[in-house]
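One file, input13.cif, is given below (mmCIF, C-alpha atoms and all ligand atoms).
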```cif
data_data
loop_
_atom_site.label_atom_id
_atom_site.label_comp_id
_atom_site.auth_asym_id
_atom_site.auth_seq_id
_atom_site.Cartn_x
_atom_site.Cartn_y
_atom_site.Cartn_z
CA MET S 1 0.00 0.00 0.00
CA SER S 2 1.38 3.35 -0.93
CA VAL S 3 1.33 6.36 1.32
CA HIS S 4 -0.80 9.29 0.29
CA SER S 5 -0.82 12.75 1.69
CA ASP S 6 -4.13 14.31 2.58
CA ASP S 7 -4.02 17.11 0.03
CA ASP S 8 -6.94 17.37 -2.36
CA SER S 9 -5.17 15.95 -5.39
CA SER S 10 -4.95 12.50 -3.80
CA LEU S 11 -8.47 12.33 -2.34
CA ASP S 12 -9.83 9.91 -4.90
CA THR S 13 -6.91 7.56 -5.41
CA GLY S 14 -5.42 4.85 -3.23
CA THR S 15 -6.87 3.25 -0.16
CA ARG S 16 -7.58 4.35 3.35
CA ILE S 17 -8.38 2.42 6.50
CA CYS S 18 -11.82 2.92 7.99
CA SER S 19 -10.46 3.69 11.43
CA GLY S 20 -12.78 6.17 13.14
CA LYS S 21 -15.15 5.44 16.00
CA GLY S 22 -17.49 2.60 14.97
CA GLY S 23 -15.49 2.01 11.78
CA CYS S 24 -15.15 -1.44 10.20
CA GLY S 25 -11.34 -1.36 10.06
CA ALA S 26 -11.24 -2.35 6.38
CA ALA S 27 -8.91 -0.79 3.82
CA LYS S 28 -11.16 0.82 1.23
CA GLN S 29 -10.80 2.98 -1.86
CA ARG S 30 -10.63 6.63 -0.91
CA GLY S 31 -13.78 7.25 -2.95
CA GLU S 32 -15.62 5.15 -0.36
CA PHE S 33 -15.09 7.87 2.24
CA GLY S 34 -17.13 11.04 2.54
CA ARG S 35 -15.50 14.43 2.43
CA ARG S 36 -15.27 16.65 5.45
CA ALA S 37 -14.11 20.23 5.66
CA SER S 38 -10.86 18.93 7.15
CA GLY S 39 -10.33 16.23 4.48
CA LEU S 40 -11.66 12.70 4.15
CA ASP S 41 -13.92 11.22 6.81
CA SER S 42 -12.15 8.75 9.10
CA VAL S 43 -15.06 6.31 8.74
CA CYS S 44 -16.20 4.90 5.38
CA LYS S 45 -19.54 5.97 3.87
CA GLU S 46 -21.09 2.59 4.58
CA CYS S 47 -20.19 2.74 8.28
CA ARG S 48 -21.25 6.38 8.46
CA ARG S 49 -24.65 5.51 6.98
CA ARG S 50 -25.11 2.65 9.41
CA GLU S 51 -24.17 4.88 12.32
CA THR S 52 -26.50 7.66 11.14
CA SER S 53 -29.50 5.36 10.70
CA ALA S 54 -28.91 3.76 14.12
CA TRP S 55 -28.80 7.23 15.62
CA ARG S 56 -32.01 8.23 13.85
CA ARG S 57 -33.82 5.15 15.12
CA ALA S 58 -32.61 5.82 18.66
CA ASN S 59 -33.52 9.52 18.60
CA PRO S 60 -36.94 9.94 16.94
CA ASP S 61 -37.63 13.20 18.81
CA ALA S 62 -34.39 14.79 17.68
CA VAL S 63 -35.09 13.62 14.12
CA ARG S 64 -38.53 15.18 14.24
CA ARG S 65 -37.07 18.47 15.49
CA MET S 66 -34.46 18.40 12.75
CA ASN S 67 -37.04 17.62 10.07
CA LEU S 68 -39.32 20.43 11.20
CA TRP S 69 -36.44 22.86 11.14
CA ARG S 70 -34.98 21.62 7.88
CA LEU S 71 -38.31 21.51 6.04
CA TYR S 72 -40.17 24.43 7.58
CA ARG S 73 -37.76 26.49 9.67
CA ILE S 74 -40.05 26.07 12.63
CA ARG S 75 -39.11 24.89 16.12
CA ALA S 76 -40.85 21.83 17.51
CA ASP S 77 -42.39 23.77 20.42
CA GLU S 78 -43.86 26.37 18.03
CA TYR S 79 -45.20 23.59 15.84
CA ASP S 80 -46.77 21.83 18.82
CA ARG S 81 -48.30 25.08 20.08
CA MET S 82 -49.92 25.65 16.66
CA ARG S 83 -51.15 22.08 16.53
CA ALA S 84 -52.86 22.54 19.89
CA GLU S 85 -54.35 25.89 18.82
CA GLN S 86 -55.81 24.22 15.74
CA ASP S 87 -57.14 21.36 17.87
CA PHE S 88 -54.75 19.01 16.00
CA ARG S 89 -56.71 19.56 12.80
CA CYS S 90 -55.95 20.87 9.34
CA ALA S 91 -56.64 24.63 9.37
CA ALA S 92 -58.54 24.40 6.07
CA CYS S 93 -60.54 21.17 5.93
CA GLY S 94 -60.54 20.28 9.62
CA THR S 95 -59.28 16.73 9.22
CA HIS S 96 -57.76 15.48 12.46
CA GLU S 97 -54.05 14.73 12.23
CA THR S 98 -54.59 11.08 13.14
CA GLU S 99 -56.78 10.74 10.03
CA ILE S 100 -54.35 12.33 7.61
CA ASP S 101 -52.59 10.06 5.17
CA THR S 102 -48.95 10.95 4.81
CA PRO S 103 -47.68 8.63 2.08
CA MET S 104 -45.65 11.35 0.41
CA LEU S 105 -43.60 11.89 3.53
CA GLY S 106 -42.75 8.22 3.74
CA ARG S 107 -40.27 8.05 0.88
CA PRO S 108 -37.65 5.57 2.06
CA ARG S 109 -34.17 6.92 2.39
CA ALA S 110 -31.10 5.27 0.95
CA ASP S 111 -30.78 3.22 4.13
CA GLY S 112 -34.40 2.02 3.85
CA HIS S 113 -35.40 4.01 6.93
CA ARG S 114 -38.49 6.19 6.54
CA THR S 115 -38.62 9.76 7.69
CA PRO S 116 -41.11 9.99 10.55
CA ALA S 117 -44.23 11.55 9.09
CA VAL S 118 -45.34 15.03 10.09
CA PRO S 119 -49.07 14.81 9.33
CA LEU S 120 -49.76 18.53 9.54
CA GLN S 121 -47.56 20.42 7.13
CA VAL S 122 -46.49 23.98 7.73
CA ASP S 123 -47.98 26.46 5.30
CA HIS S 124 -45.67 29.41 5.17
CA CYS S 125 -45.39 32.49 3.07
CA HIS S 126 -42.44 31.92 0.77
CA ALA S 127 -41.74 35.64 0.53
CA SER S 128 -41.68 36.50 4.23
CA GLY S 129 -41.22 33.05 5.75
CA ALA S 130 -44.16 33.77 8.09
CA VAL S 131 -46.14 30.72 9.11
CA ARG S 132 -49.79 30.90 8.09
CA GLY S 133 -51.01 27.69 9.62
CA LEU S 134 -50.79 23.91 9.60
CA LEU S 135 -52.46 22.01 6.80
CA CYS S 136 -52.92 18.45 5.69
CA GLY S 137 -50.81 17.60 2.64
CA ARG S 138 -53.78 17.73 0.29
CA CYS S 139 -54.93 21.21 1.39
CA ASN S 140 -51.36 22.46 1.39
CA ARG S 141 -51.02 21.46 -2.27
CA ILE S 142 -54.46 22.68 -3.35
CA ILE S 143 -54.15 26.00 -1.53
CA GLY S 144 -50.67 26.54 -2.94
CA ILE S 145 -52.04 26.03 -6.44
CA ALA S 146 -55.08 28.25 -5.77
CA ARG S 147 -52.90 31.06 -4.43
CA ALA S 148 -50.76 30.98 -7.53
CA ALA S 149 -53.71 30.63 -9.96
CA TYR S 150 -55.78 33.46 -8.46
CA HIS S 151 -52.87 35.64 -7.46
CA LEU S 152 -54.14 35.71 -3.90
CA PRO S 153 -52.18 37.99 -1.63
CA SER S 154 -49.61 35.86 0.07
CA LYS S 155 -50.89 37.06 3.47
CA SER S 156 -54.38 35.63 2.87
CA ARG S 157 -55.12 32.68 5.06
CA TYR S 158 -57.84 30.17 4.38
CA LEU S 159 -61.00 30.56 2.39
CA THR S 160 -63.31 30.07 5.31
ZN ZN S 201 -16.16 1.13 7.38
ZN ZN S 202 -56.88 19.73 4.92
#
```

Rewrite the structure of this file - the entire thing - as structure tokens.
Amino acid sequence: MSVHSDDDSSLDTGTRICSGKGGCGAAKQRGEFGRRASGLDSVCKECRRRETSAWRRANPDAVRRMNLWRLYRIRADEYDRMRAEQDFRCAACGTHETEIDTPMLGRPRADGHRTPAVPLQVDHCHASGAVRGLLCGRCNRIIGIARAAYHLPSKSRYLT
């Protein structure tokens, strides 16, 4: 095995030992390791994926918080407060969150793990980022289309 320095030109050639915490210890092609700001990851992609999915299974609450923030830029406590204010129902059609189908949120990830569903989606104004309310997936889509088609002011809430 030849020795490679960690400069960028050698990132994709040669092998590297998967030696980080939880790593498999195997010598693998450098392309099998993810990139980090500081260079290549110390653990191979396969081990990193396994570690990430184990963490996600063990921390469903943290995953839910991360999803809410990533998808909607809303904190879990704000989301839960709005859910309670809306009596856990869609703000437009009134369907209770336990009766909402969320197949579209269940797209399996590369590791086969499904993202925990958030039945009530956050309807926010794309211009200001302000949250208008929580909607079931169907209303969120329909109302988004209606707003665009009728040029409704983005501040308008629901047609009730
Ligand atoms: Zn590994
Ligand atoms: Zn609805």

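With the cut-off set to 7 Å and all atoms listed in the file counted, the residues surrounding ligand ZN 202 (chain S) are S:Cys90, S:Ala91, S:Ala92, S:Cys93, S:Gly94, S:Thr95, S:Leu135, S:Cys136, S:Gly137, S:Arg138, S:Cys139.
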
C-alpha atoms of the current selection, written as a PDB file, keeping the file's coordinate frame:
```pdb
ATOM      1  CA  CYS S  90     -55.950  20.870   9.340  1.00  0.00           C
ATOM      2  CA  ALA S  91     -56.640  24.630   9.370  1.00  0.00           C
ATOM      3  CA  ALA S  92     -58.540  24.400   6.070  1.00  0.00           C
ATOM      4  CA  CYS S  93     -60.540  21.170   5.930  1.00  0.00           C
ATOM      5  CA  GLY S  94     -60.540  20.280   9.620  1.00  0.00           C
ATOM      6  CA  THR S  95     -59.280  16.730   9.220  1.00  0.00           C
ATOM      7  CA  LEU S 135     -52.460  22.010   6.800  1.00  0.00           C
ATOM      8  CA  CYS S 136     -52.920  18.450   5.690  1.00  0.00           C
ATOM      9  CA  GLY S 137     -50.810  17.600   2.640  1.00  0.00           C
ATOM     10  CA  ARG S 138     -53.780  17.730   0.290  1.00  0.00           C
ATOM     11  CA  CYS S 139     -54.930  21.210   1.390  1.00  0.00           C
TER      12      CYS S 139
END
```

Need to verify the contact set: Phe88 in chain S, 12 Å, all atoms listed in the file, exclusion of same-chain residues closer than 4 positions in sequence. Can you return it as a list in words? Tyr79, Asp80, Arg81, Met82, Arg83, Ala84, Ala92, Cys93, Gly94, Thr95, His96, Glu97, Thr98, Glu99, Ile100, Val118, Pro119, Leu120, Gln121, Gly133, Leu134, Leu135 and Cys136 of chain S

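Residues of protein or nucleic acid lying within 6 Å of ligand ZN 201 (chain S), counting only C-alpha atoms and all ligand atoms, are Cys18, Gly23, Cys24, Val43, Cys44, Glu46 and Cys47 of chain S.
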
Quick one: 3 Å padding each side, axis-aligned, all listed atoms of range 11-23 of chain S - centre and edge lengths in Å to one decimal, as JSON?
```
{"center_x": -11.5, "center_y": 7.2, "center_z": 5.3, "size_x": 18.1, "size_y": 16.3, "size_z": 27.4}
```

With a distance cut-off of 6 Å and all atoms listed in the file, select the neighbouring residues of range 25-39 of chain S, excluding the residue or stretch itself and same-chain residues fewer than 4 positions from it, and output the selection as a ChimeraX atom specification. /S:12-19,44-45

In Å, rounded to a single decimal, give me how far CA of Arg57 in chain S is from CA of Asp101 in chain S. 21.8 Å

Grab the CA of Gly22 in chain S to CA of Arg48 in chain S distance for me, in Å with one decimal place. 8.4 Å

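Distance check against Trp69 in chain S using all atoms listed in the file: of S:Gly144, S:Ser42, S:Val122, S:Ser53, the minimum falls on S:Val122.
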
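Taking CA of Arg73 in chain S and CA of Ala146 in chain S as the two end points, the separation is 23.3 Å.
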
Between S:Tyr72, S:Pro60, S:Arg65, S:Ala149, which has the minimum distance to Cys125 in chain S (counting all atoms listed in the file)? S:Tyr72

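Compared by their closest atoms to Glu51 in chain S, and using only C-alpha atoms, the residues S:Ser128, S:Tyr158, S:Lys21, S:Ile142 rank with S:Lys21 nearest.
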
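Nearest to Arg141 in chain S of all the residues S:Asp123, S:Gly129, S:Arg70, S:Arg50 is S:Asp123, based on all atoms listed in the file.
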
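Across S:Arg89, S:Ile145, S:Thr102, S:Ile74, the tightest approach to Val131 in chain S is made by S:Ile74 when counting all atoms listed in the file.
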